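J.: Just dropping this structure here.
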Amino acid sequence: MKTHTEYLTIQTQQAREIRAITEDVKAALKKSEMTEGLVLVGSLHANAAVVLGLHEANFLEDLQAWLEQLAPARDDYKLGRGFESNASTVLQSILAGAQLPVSFSEGRLDLGPWQELLYVEFDGQRPKRVVLKFIGE
Amino acid sequence: MKTHTEYLTIQTQQAREIRAITEDVKAALKKSEMTEGLVLVGSLHANAAVVLGLHEANFLEDLQAWLEQLAPARDDYKLGRGFESNASTVLQSILAGAQLPVSFSEGRLDLGPWQELLYVEFDGQRPKRVVLKFIGE
Amino acid sequence: MKTHTEYLTIQTQQAREIRAITEDVKAALKKSEMTEGLVLVGSLHANAAVVLGLHEANFLEDLQAWLEQLAPARDDYKLGRGFESNASTVLQSILAGAQLPVSFSEGRLDLGPWQELLYVEFDGQRPKRVVLKFIGE
């Protein structure tokens with residue numbers, strides 16, 4: 001049994017943007033030469049998230065609007081006063097989740113046909129890092 | 001160290017339904033013959049979730065109502081127009097979480113006395129799959 | 001490859017309180033003598049959560065207020081009638097997440113410079129338990 005580690009660097013064009021990263025994780029799994037185990041996809045920033053959703057443009061718009069609705073970028077957060085970032089982005093990360101574990105079996109990610117790994121950026125336009133940690137055999 | 005994989009197939013009677021699956025995971029753990037490690041309980045569909053909650057009928061009603069309140073099945077999602085499913089079910093899955101890792105020690109799941117593993121179906125009445133991936137020794 | 005298990009006991013002074021536990025997890029990682037793998041930080045109670053956020057007093061206030069806003073301690077939950085706890089605390093746990101996996105590489109937790117592991121207590125003032133399960137090498 002062994003481990004394998006990769007880091008993705010993602011720089012989005014927009015401050016808020018959602019990017020499908022299933023293919024990146026599949027490529028890393030292949031490189032790991034493992035067939036059975038777990039991979040943890042983790043954002044190394046408190047203002048981004050990693051979720052399982054659908055890779056469909058309309059859904060991505062719905063997801064953006066919903067996250068913004070449940071933790072809006074208001075002016076009355078305490079953190080917002082003088083801190084570099086707005087609390088809204090971190091609350092949206094907690095809402096959606098920043099650490100996503102996925103299993104793999106027989107060399108394939110255990111995902112349904114419609115499930116897509118989505119990196120959800122709340123404060124982009126600069127290099128952000130995601131860790132892919134594989135453990136298994 | 002080794003891995004063990006099982007798939008549950010769950011077909012609920014209602015479109016929306018919550019089912020306790022702690023006993024299924026315990027049975028799979030016993031079958032795995034492992035005593036120390038992690039199990040990932042993952043929905044293979046983007047419109048279901050797996051959470052830790054209470055197995056108490058009143059709570060399940062509260063949970064249903066709360067999920068519906070925070071991501072209601074409205075008509076104004078962009079995805080809803082012509083897609084098979086409503087964005088609401090996927091947003092509720094992201095809210096509650098579709099991938100739940102739990103540890104086990106000395107052959108038992110590390111759960112408190114009131115914690116129950118709950119499969120939360122948002123679009124049932126057909127066979128849906130859940131993966132149980134054990135890794136440990 | 002091996003596993004390592006520790007249990008934290010946390011008794012907060014307030015019923016609702018957020019405590020940074022990154023240093024506890026780092027100390028346990030050192031004690032495990034592992035350098036590569038995953039740790040699952042799991043609440044053994046359905047009315048607490050473990051999240052990645054910022055360890056900044058203003059943010060902790062924002063997080064408390066936001067959780068309370070999205071799953072308020074209302075009187076009209078069904079569970080509240082005669083049960084020991086209010087549904088609100090369990091819903092907030094599901095919202096924030098009770099089981100947080102984090103990877104570690106070269107002996108260090110894979111966290112960004114601003115990320116902090118936060119234990120979020122919704123019903124404290126008594127001993128509550130958190131499991132730290134390490135798996136790796």
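Ordered as shown in the structure tokens, chains take letters A, B, and onward, while each chain numbers its residues from 1 and ligands are numbered from 1 in the order shown.
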At a cut-off of 10 Å, using only C-alpha atoms, what residues contact Thr22 in chain C? Leave out same-chain residues fewer than 6 positions from it and give the result as a ChimeraX atom specification.
T.: /C:28,52,55,109,111,115-119
J.: Mind writing the picked residues with C-alpha atoms as a PDB file, in the first residue's frame?
T.:
ATOM      1  CA  ALA C  28      -1.038  13.998  17.223  1.00  0.00           C
ATOM      2  CA  LEU C  52     -11.671  24.592   7.923  1.00  0.00           C
ATOM      3  CA  HIS C  55      -8.718  31.636  13.270  1.00  0.00           C
ATOM      4  CA  LEU C 109      -0.749  18.926   7.390  1.00  0.00           C
ATOM      5  CA  LEU C 111      -3.173  23.373   4.913  1.00  0.00           C
ATOM      6  CA  GLN C 115      -6.498  27.711   7.082  1.00  0.00           C
ATOM      7  CA  GLU C 116      -7.304  26.649  10.602  1.00  0.00           C
ATOM      8  CA  LEU C 117      -9.066  23.532  11.878  1.00  0.00           C
ATOM      9  CA  LEU C 118     -12.029  24.713  13.931  1.00  0.00           C
ATOM     10  CA  TYR C 119     -14.105  22.674  16.347  1.00  0.00           C
TER      11      TYR C 119
END
J.: What residues in chain C lie within 6 Å of chain B, counting only C-alpha atoms, written as a PDB file with N, CA and C atoms, in the first residue's frame?
T.:
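Writing done, so here's selection.pdb:
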ATOM      1  N   LEU C  44     -17.719  13.124  17.718  1.00  0.00           N
ATOM      2  CA  LEU C  44     -18.474  11.951  18.174  1.00  0.00           C
ATOM      3  C   LEU C  44     -19.833  12.354  18.747  1.00  0.00           C
ATOM      4  N   HIS C  45     -20.263  13.563  18.411  1.00  0.00           N
ATOM      5  CA  HIS C  45     -21.572  14.053  18.844  1.00  0.00           C
ATOM      6  C   HIS C  45     -22.246  14.714  17.648  1.00  0.00           C
ATOM      7  N   ALA C  46     -23.553  14.539  17.555  1.00  0.00           N
ATOM      8  CA  ALA C  46     -24.306  15.067  16.412  1.00  0.00           C
ATOM      9  C   ALA C  46     -24.565  16.568  16.527  1.00  0.00           C
ATOM     10  N   LYS C  78     -39.938  19.840  15.001  1.00  0.00           N
ATOM     11  CA  LYS C  78     -40.664  18.710  15.582  1.00  0.00           C
ATOM     12  C   LYS C  78     -39.829  18.034  16.657  1.00  0.00           C
ATOM     13  N   LEU C  79     -38.497  17.932  16.417  1.00  0.00           N
ATOM     14  CA  LEU C  79     -37.642  17.250  17.384  1.00  0.00           C
ATOM     15  C   LEU C  79     -37.657  17.959  18.733  1.00  0.00           C
ATOM     16  N   ILE C  94     -24.805  19.428  10.343  1.00  0.00           N
ATOM     17  CA  ILE C  94     -24.879  18.915   8.966  1.00  0.00           C
ATOM     18  C   ILE C  94     -24.462  20.002   7.972  1.00  0.00           C
TER      19      ILE C  94
END
J.: Please determine, counting only C-alpha atoms, which residue among A:Phe134, A:Lys128, A:Ala98, A:Thr3 has the shortest atom-to-atom distance to Lys26 in chain A.
T.: A:Phe134
J.: Which of range 87-126 of chain C end up as helix (DSSP H, G or I) when DSSP is run on this backbone - answer as a PyMOL selection string?
T.: chain C and resi 87-96
J.: Atoms to include: N, CA, C and O atoms. Write the selected residues as an mmCIF file, in the first residue's frame.
T.:
data_model
loop_
_atom_site.group_PDB
_atom_site.id
_atom_site.type_symbol
_atom_site.label_atom_id
_atom_site.label_comp_id
_atom_site.auth_asym_id
_atom_site.auth_seq_id
_atom_site.Cartn_x
_atom_site.Cartn_y
_atom_site.Cartn_z
ATOM 1 N N ALA C 87 -33.345 20.485 17.286
ATOM 2 C CA ALA C 87 -32.926 20.094 15.934
ATOM 3 C C ALA C 87 -31.926 21.088 15.360
ATOM 4 O O ALA C 87 -31.064 20.719 14.555
ATOM 5 N N SER C 88 -32.010 22.328 15.786
ATOM 6 C CA SER C 88 -31.139 23.373 15.255
ATOM 7 C C SER C 88 -29.664 23.002 15.348
ATOM 8 O O SER C 88 -28.888 23.235 14.419
ATOM 9 N N THR C 89 -29.256 22.416 16.469
ATOM 10 C CA THR C 89 -27.830 22.107 16.647
ATOM 11 C C THR C 89 -27.382 21.003 15.681
ATOM 12 O O THR C 89 -26.262 21.033 15.180
ATOM 13 N N VAL C 90 -28.246 20.048 15.407
ATOM 14 C CA VAL C 90 -27.878 18.953 14.494
ATOM 15 C C VAL C 90 -27.876 19.459 13.048
ATOM 16 O O VAL C 90 -27.020 19.089 12.243
ATOM 17 N N LEU C 91 -28.814 20.312 12.718
ATOM 18 C CA LEU C 91 -28.843 20.884 11.366
ATOM 19 C C LEU C 91 -27.602 21.750 11.124
ATOM 20 O O LEU C 91 -27.012 21.716 10.039
ATOM 21 N N GLN C 92 -27.179 22.503 12.125
ATOM 22 C CA GLN C 92 -25.958 23.299 11.968
ATOM 23 C C GLN C 92 -24.748 22.387 11.799
ATOM 24 O O GLN C 92 -23.807 22.717 11.062
ATOM 25 N N SER C 93 -24.761 21.239 12.477
ATOM 26 C CA SER C 93 -23.665 20.273 12.313
ATOM 27 C C SER C 93 -23.637 19.722 10.887
ATOM 28 O O SER C 93 -22.567 19.581 10.283
ATOM 29 N N ILE C 94 -24.805 19.428 10.343
ATOM 30 C CA ILE C 94 -24.879 18.915 8.966
ATOM 31 C C ILE C 94 -24.462 20.002 7.972
ATOM 32 O O ILE C 94 -23.749 19.750 6.999
ATOM 33 N N LEU C 95 -24.880 21.220 8.234
ATOM 34 C CA LEU C 95 -24.508 22.352 7.370
ATOM 35 C C LEU C 95 -22.992 22.530 7.307
ATOM 36 O O LEU C 95 -22.401 22.663 6.231
ATOM 37 N N ALA C 96 -22.344 22.520 8.476
ATOM 38 C CA ALA C 96 -20.904 22.777 8.529
ATOM 39 C C ALA C 96 -20.093 21.510 8.300
ATOM 40 O O ALA C 96 -18.964 21.566 7.801
#
J.: Can you pull out every residue within 6 Å of Ala15 in chain B, counting only C-alpha atoms, but drop anything in the same chain fewer than 5 positions away, and send it as a list in words?
T.: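 Neighbouring residues, sequence-local ones excluded: Asp123, Gly124 and Gln125 of chain B.
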J.: Give me the residues within 7 Å of Glu17 in chain A as a VMD selection string, counting only C-alpha atoms and dropping any in the same chain fewer than 2 places off.
T.: chain A and resid 12 14 to 15 19 120 to 122
J.: One decimal, Å: what's the distance from CA of Val130 in chain B over to CA of Val41 in chain B, could you say?
T.: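 Straight-line distance from CA of Val130 in chain B to CA of Val41 in chain B works out to 6.8 Å.
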J.: Please run DSSP on the backbone and report, as an NGL selection string, all residues within range 17-120 of chain C that come out as strand (DSSP E).
T.: :C and (17-20 or 37-43 or 48-53 or 99-105 or 108-109 or 116-120)
